[in-house]
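First the structure, in the form of structure tokens, and then the observations on it.
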Amino acid sequence: MSKSTRKIRAIYLDFASSALSASSNPGAIHELGLKEKNKLENARATVANVLGAHSNEIIFTSGATESNNLSIFGLVRNFKKPHIVTTNIEHASVLEVCKYLERTKQAEVTYVAVEKNGIIDPKKIKKALQPNTILVSVMYANNEIGTIQPIREIAKEIRHFNKNMQKKIFFHTDAVQAVNYLPINIAHLGVDLMSINSAKIYGPKGVGILYVKKNTPLSPIMFGGSQEFGLRPGTENVILAVELAKALQIAGKMKEGEVKRLTKLRNYFFKKLSKPAFDIVINGDLQNRLPNNINITIPNIPSDLLVIELSARGIMASAKSACKAGDGKASYVIKAINEEIKETDGSLRFSLGRQTTKADIDHTIKALSEILTKLKKWYN
């Protein structure tokens with residue numbers, strides 16, 4: 001056998017061994033299964049360490065949509081005639097679950113309106129609490145307008161209510177947009193449930209996390225296995241879990257530097273937006289928002305057209321949440337903070353990231369100015 005043949009065979013055997021290991025079920029008790037189980041549990045321990053949680057409080061899911069569904073459905077199933085408090089700008093994977101529970105008379109829901117700056121008043125959450133309230137769900141940072149919600153203050157109001165009423169209201173937060181830029185230590189936030197999505201922290205798609213505090217009465221919403229402490233049946237995707245854990249660690253190490261860098265770029269973007277002679281409205285609080293978020297409304301020009309025009313110039317913006325991008329309607333988040341918004345008014349969200357530079361912003365401002373100059377002739 002030649003050296004080249006032996007080398008090729010060695011590579012093939014290495015690949016075959018890796019593939020065999022990766023395809024092994026972490027629930028199996030043979031050697032390869034145990035190796036995969038160890039990888040999974042090490043990833044779980046890494047996530048728990050970053051969050052300041054215990055390993056048995058970390059559930060791997062397919063993403064934040066599943067995590068949000070499991071949080072709400074899984075809790076509601078343990079109570080009779082439960083009441084839920086949430087806000088009117090939550091992600092669709094929270095709002096649509098709540099609306100479904102209302103339609104099917106499985107729960108009563110109060111939707112607390114945010115202020116004009118896109119931030120919820122904790123006192124209004126407190127006012128909405130009832131004797132049969134079992135869950136409050138408020139996202140940490142909004143996915144469209146980037147406003148940061150006062151999670152710690154809301155947690156404090158819930159604790160006071162629980163103490164006075166001698167009961168337990170559970171607190172869930174969708175932290176998907178916050179992980180890269182905000183503190184995510186569980187003790188710091190005071191939440192019982194927290195959803196995280198891998199893709200938003202530069203990890204692989206198709207995997208997420210649900211933190212479930214010990215003694216939170218959660219029931220599975222899918223059946224067929226006892227994986228993930230009985231809450232999420234199905235063979236775990238070990239590779240994705242491992243990569244998610246790595247991404248979470250990297251995000252933590254980069255957080256402080258990226259917050260400073262992106263805040264400067266975001267404010268520079270805002271400054272540039274104020275110069276063009278166009279009627280541009282910045283949506284959401286200018287200070288209490290994510291450092292990477294710019295969301296604007298441009299009256300009388302459709303969002304989809306703006307997105308397409310920008311895309312043709314190599315600029316990838318969005319009109320609203322990708323989950324609602326194709327419904328042809330104005331963003332419900334923008335409507336929540338601006339009652340005068342029309343279906344014909346265009347909204348744009350620009351998300352800055354690890355590769356964004358000042359030159360990218362200058363290019364975007366120039367392109368946007370050219371696009372608006374052209375489109376204003378058609379739509380005014």
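By order of appearance in the structure tokens: chains A, B, ..., then residues from 1 within every chain, and ligands from 1 in the order shown.
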
Within 10 Å of Ile186 (chain A), counting only C-alpha atoms, which residues show up once you throw out same-chain ones fewer than 3 positions away? Write them as JSON, numbers by chain, please. {"A": [48, 50, 51, 52, 53, 183, 189, 190, 191, 192, 193, 194, 211, 213]}

Selection: 9 Å around Val112 (chain A), only C-alpha atoms, excl. self and same-chain fewer than 6 positions, as an MDAnalysis selection string: chainID A and resid 85:88 120:121 124:125 128

Considering only C-alpha atoms, tabulate each residue of region 16-89 of chain A that lies at most 12 Å from region 242-259 of chain A along with its nearest interatomic pair and the corresponding distance in Å to one decimal; arrange the rows by chain and ascending residue number and present them as a Markdown table.
```
| residue | atom | partner | partner_atom | distance |
| --- | --- | --- | --- | --- |
| A:Ala22 | CA | A:Val242 | CA | 11.7 |
| A:Glu36 | CA | A:Val242 | CA | 10.3 |
| A:Lys37 | CA | A:Val242 | CA | 11.2 |
| A:Asn38 | CA | A:Val242 | CA | 10.6 |
| A:Lys39 | CA | A:Val242 | CA | 7.0 |
| A:Leu40 | CA | A:Val242 | CA | 6.7 |
| A:Glu41 | CA | A:Val242 | CA | 9.2 |
| A:Asn42 | CA | A:Val242 | CA | 8.0 |
| A:Ala43 | CA | A:Val242 | CA | 5.1 |
| A:Arg44 | CA | A:Ala245 | CA | 7.4 |
| A:Ala45 | CA | A:Ala245 | CA | 8.8 |
| A:Thr46 | CA | A:Ala245 | CA | 6.1 |
| A:Val47 | CA | A:Ala245 | CA | 5.6 |
| A:Ala48 | CA | A:Ala245 | CA | 9.4 |
| A:Asn49 | CA | A:Gln249 | CA | 9.5 |
| A:Val50 | CA | A:Gln249 | CA | 7.0 |
| A:Leu51 | CA | A:Leu248 | CA | 9.5 |
| A:Ile58 | CA | A:Ala245 | CA | 11.4 |
| A:Phe60 | CA | A:Leu244 | CA | 9.7 |
| A:Thr61 | CA | A:Leu244 | CA | 11.1 |
| A:Ser62 | CA | A:Leu244 | CA | 11.3 |
| A:Gly63 | CA | A:Leu244 | CA | 10.7 |
```

Give me the residues within 12 Å of His363 (chain A) as a PyMOL selection string, counting only C-alpha atoms and dropping any in the same chain fewer than 6 places off. chain A and resi 269+272+310+313-315+356-357+369-370

Option closest in space to Pro302 (chain A), from A:Lys376, A:Lys335, A:Arg232, A:Lys271 [counting only C-alpha atoms]: A:Lys376

Considering only strand (DSSP E) as DSSP defines it on the backbone, what residues of region 88-228 of chain A qualify? List them as a PDB file with C-alpha atoms, in the first residue's frame.
```pdb
ATOM      1  CA  GLU A 108     -57.120  35.134  30.344  1.00  0.00           C
ATOM      2  CA  VAL A 109     -54.522  37.594  29.056  1.00  0.00           C
ATOM      3  CA  THR A 110     -53.816  41.268  29.772  1.00  0.00           C
ATOM      4  CA  TYR A 111     -51.747  43.110  27.172  1.00  0.00           C
ATOM      5  CA  VAL A 112     -50.088  46.105  28.814  1.00  0.00           C
ATOM      6  CA  THR A 133     -52.112  35.636  37.530  1.00  0.00           C
ATOM      7  CA  ILE A 134     -49.586  32.842  37.027  1.00  0.00           C
ATOM      8  CA  LEU A 135     -47.190  34.337  34.460  1.00  0.00           C
ATOM      9  CA  VAL A 136     -45.701  37.643  33.358  1.00  0.00           C
ATOM     10  CA  SER A 137     -43.854  37.563  30.030  1.00  0.00           C
ATOM     11  CA  PHE A 170     -43.612  33.276  37.436  1.00  0.00           C
ATOM     12  CA  PHE A 171     -41.618  35.699  35.295  1.00  0.00           C
ATOM     13  CA  HIS A 172     -40.484  34.857  31.752  1.00  0.00           C
ATOM     14  CA  THR A 173     -38.320  36.968  29.462  1.00  0.00           C
ATOM     15  CA  ASP A 174     -37.488  36.537  25.795  1.00  0.00           C
ATOM     16  CA  LEU A 193     -37.760  31.470  32.657  1.00  0.00           C
ATOM     17  CA  MET A 194     -35.547  32.878  29.900  1.00  0.00           C
ATOM     18  CA  SER A 195     -35.397  32.162  26.155  1.00  0.00           C
ATOM     19  CA  ILE A 196     -32.201  32.426  24.082  1.00  0.00           C
ATOM     20  CA  ASN A 197     -31.597  31.789  20.377  1.00  0.00           C
ATOM     21  CA  GLY A 208     -31.836  27.540  21.445  1.00  0.00           C
ATOM     22  CA  ILE A 209     -32.033  27.525  25.214  1.00  0.00           C
ATOM     23  CA  LEU A 210     -34.776  27.735  27.768  1.00  0.00           C
ATOM     24  CA  TYR A 211     -33.656  28.481  31.298  1.00  0.00           C
ATOM     25  CA  VAL A 212     -36.167  27.036  33.774  1.00  0.00           C
TER      26      VAL A 212
END
```

Residue contacts of Asn142 (chain A) (10 Å, only C-alpha atoms) excluding same-chain residues fewer than 4 positions away, as a PDB file with C-alpha atoms, in the first residue's frame:
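Written out: out_34.pdb:
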```pdb
ATOM      1  CA  ILE A  89     -44.891  44.604  21.529  1.00  0.00           C
ATOM      2  CA  GLU A  90     -43.774  41.045  22.320  1.00  0.00           C
ATOM      3  CA  HIS A  91     -42.435  38.740  19.624  1.00  0.00           C
ATOM      4  CA  GLY A 118     -41.353  51.759  23.419  1.00  0.00           C
ATOM      5  CA  ILE A 119     -40.610  50.998  27.081  1.00  0.00           C
ATOM      6  CA  VAL A 138     -41.882  40.655  29.014  1.00  0.00           C
ATOM      7  CA  GLY A 146     -34.359  47.700  20.232  1.00  0.00           C
ATOM      8  CA  THR A 147     -35.836  49.260  23.368  1.00  0.00           C
ATOM      9  CA  ILE A 148     -34.563  47.718  26.605  1.00  0.00           C
ATOM     10  CA  GLN A 149     -37.226  46.814  29.111  1.00  0.00           C
ATOM     11  CA  ASP A 174     -37.488  36.537  25.795  1.00  0.00           C
ATOM     12  CA  ALA A 175     -33.816  37.555  25.928  1.00  0.00           C
ATOM     13  CA  VAL A 176     -32.978  36.746  22.301  1.00  0.00           C
ATOM     14  CA  GLN A 177     -31.886  40.247  21.299  1.00  0.00           C
ATOM     15  CA  ALA A 178     -30.200  41.049  24.612  1.00  0.00           C
ATOM     16  CA  GLY A 284     -38.038  53.963  20.173  1.00  0.00           C
ATOM     17  CA  ARG A 289     -32.009  50.806  23.455  1.00  0.00           C
ATOM     18  CA  LEU A 290     -29.638  48.173  22.107  1.00  0.00           C
ATOM     19  CA  ASN A 293     -30.387  48.941  16.623  1.00  0.00           C
ATOM     20  CA  VAL A 333     -44.688  47.227  17.173  1.00  0.00           C
TER      21      VAL A 333
END
```

Region 179-302 of chain A: residues DSSP assigns to alpha helix (DSSP H), reported as a ChimeraX atom specification: /A:186-189,238-273

With C-alpha atoms retained, could you export that selection as a PDB file, in the first residue's frame?
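Generated output (selection_2.pdb):
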```
ATOM      1  CA  ILE A 186     -30.179  35.000  36.212  1.00  0.00           C
ATOM      2  CA  ALA A 187     -29.747  36.315  39.752  1.00  0.00           C
ATOM      3  CA  HIS A 188     -29.205  39.824  38.357  1.00  0.00           C
ATOM      4  CA  LEU A 189     -32.422  39.725  36.341  1.00  0.00           C
ATOM      5  CA  VAL A 238     -25.149  17.524  20.286  1.00  0.00           C
ATOM      6  CA  ILE A 239     -23.137  19.373  17.643  1.00  0.00           C
ATOM      7  CA  LEU A 240     -25.500  22.355  17.697  1.00  0.00           C
ATOM      8  CA  ALA A 241     -25.578  22.435  21.496  1.00  0.00           C
ATOM      9  CA  VAL A 242     -21.780  22.450  21.674  1.00  0.00           C
ATOM     10  CA  GLU A 243     -21.503  25.271  19.122  1.00  0.00           C
ATOM     11  CA  LEU A 244     -24.194  27.284  20.914  1.00  0.00           C
ATOM     12  CA  ALA A 245     -22.231  27.031  24.167  1.00  0.00           C
ATOM     13  CA  LYS A 246     -19.090  28.260  22.400  1.00  0.00           C
ATOM     14  CA  ALA A 247     -20.976  31.172  20.842  1.00  0.00           C
ATOM     15  CA  LEU A 248     -22.374  32.152  24.237  1.00  0.00           C
ATOM     16  CA  GLN A 249     -18.894  32.216  25.747  1.00  0.00           C
ATOM     17  CA  ILE A 250     -17.532  34.318  22.879  1.00  0.00           C
ATOM     18  CA  ALA A 251     -20.445  36.770  23.157  1.00  0.00           C
ATOM     19  CA  GLY A 252     -19.670  37.227  26.835  1.00  0.00           C
ATOM     20  CA  LYS A 253     -16.005  37.964  26.180  1.00  0.00           C
ATOM     21  CA  MET A 254     -16.793  40.457  23.405  1.00  0.00           C
ATOM     22  CA  LYS A 255     -19.751  42.142  25.121  1.00  0.00           C
ATOM     23  CA  GLU A 256     -18.094  45.136  26.771  1.00  0.00           C
ATOM     24  CA  GLY A 257     -15.993  46.103  23.763  1.00  0.00           C
ATOM     25  CA  GLU A 258     -18.820  45.623  21.262  1.00  0.00           C
ATOM     26  CA  VAL A 259     -21.260  47.687  23.333  1.00  0.00           C
ATOM     27  CA  LYS A 260     -18.844  50.641  23.330  1.00  0.00           C
ATOM     28  CA  ARG A 261     -17.962  50.310  19.643  1.00  0.00           C
ATOM     29  CA  LEU A 262     -21.513  49.831  18.376  1.00  0.00           C
ATOM     30  CA  THR A 263     -22.959  52.582  20.575  1.00  0.00           C
ATOM     31  CA  LYS A 264     -20.609  55.052  18.878  1.00  0.00           C
ATOM     32  CA  LEU A 265     -21.574  53.745  15.436  1.00  0.00           C
ATOM     33  CA  ARG A 266     -25.287  53.808  16.266  1.00  0.00           C
ATOM     34  CA  ASN A 267     -25.121  57.409  17.499  1.00  0.00           C
ATOM     35  CA  TYR A 268     -23.133  58.360  14.405  1.00  0.00           C
ATOM     36  CA  PHE A 269     -25.897  56.776  12.301  1.00  0.00           C
ATOM     37  CA  PHE A 270     -28.544  58.790  14.191  1.00  0.00           C
ATOM     38  CA  LYS A 271     -26.572  61.990  13.650  1.00  0.00           C
ATOM     39  CA  LYS A 272     -26.287  61.323   9.928  1.00  0.00           C
ATOM     40  CA  LEU A 273     -29.992  60.531   9.658  1.00  0.00           C
TER      41      LEU A 273
END
```
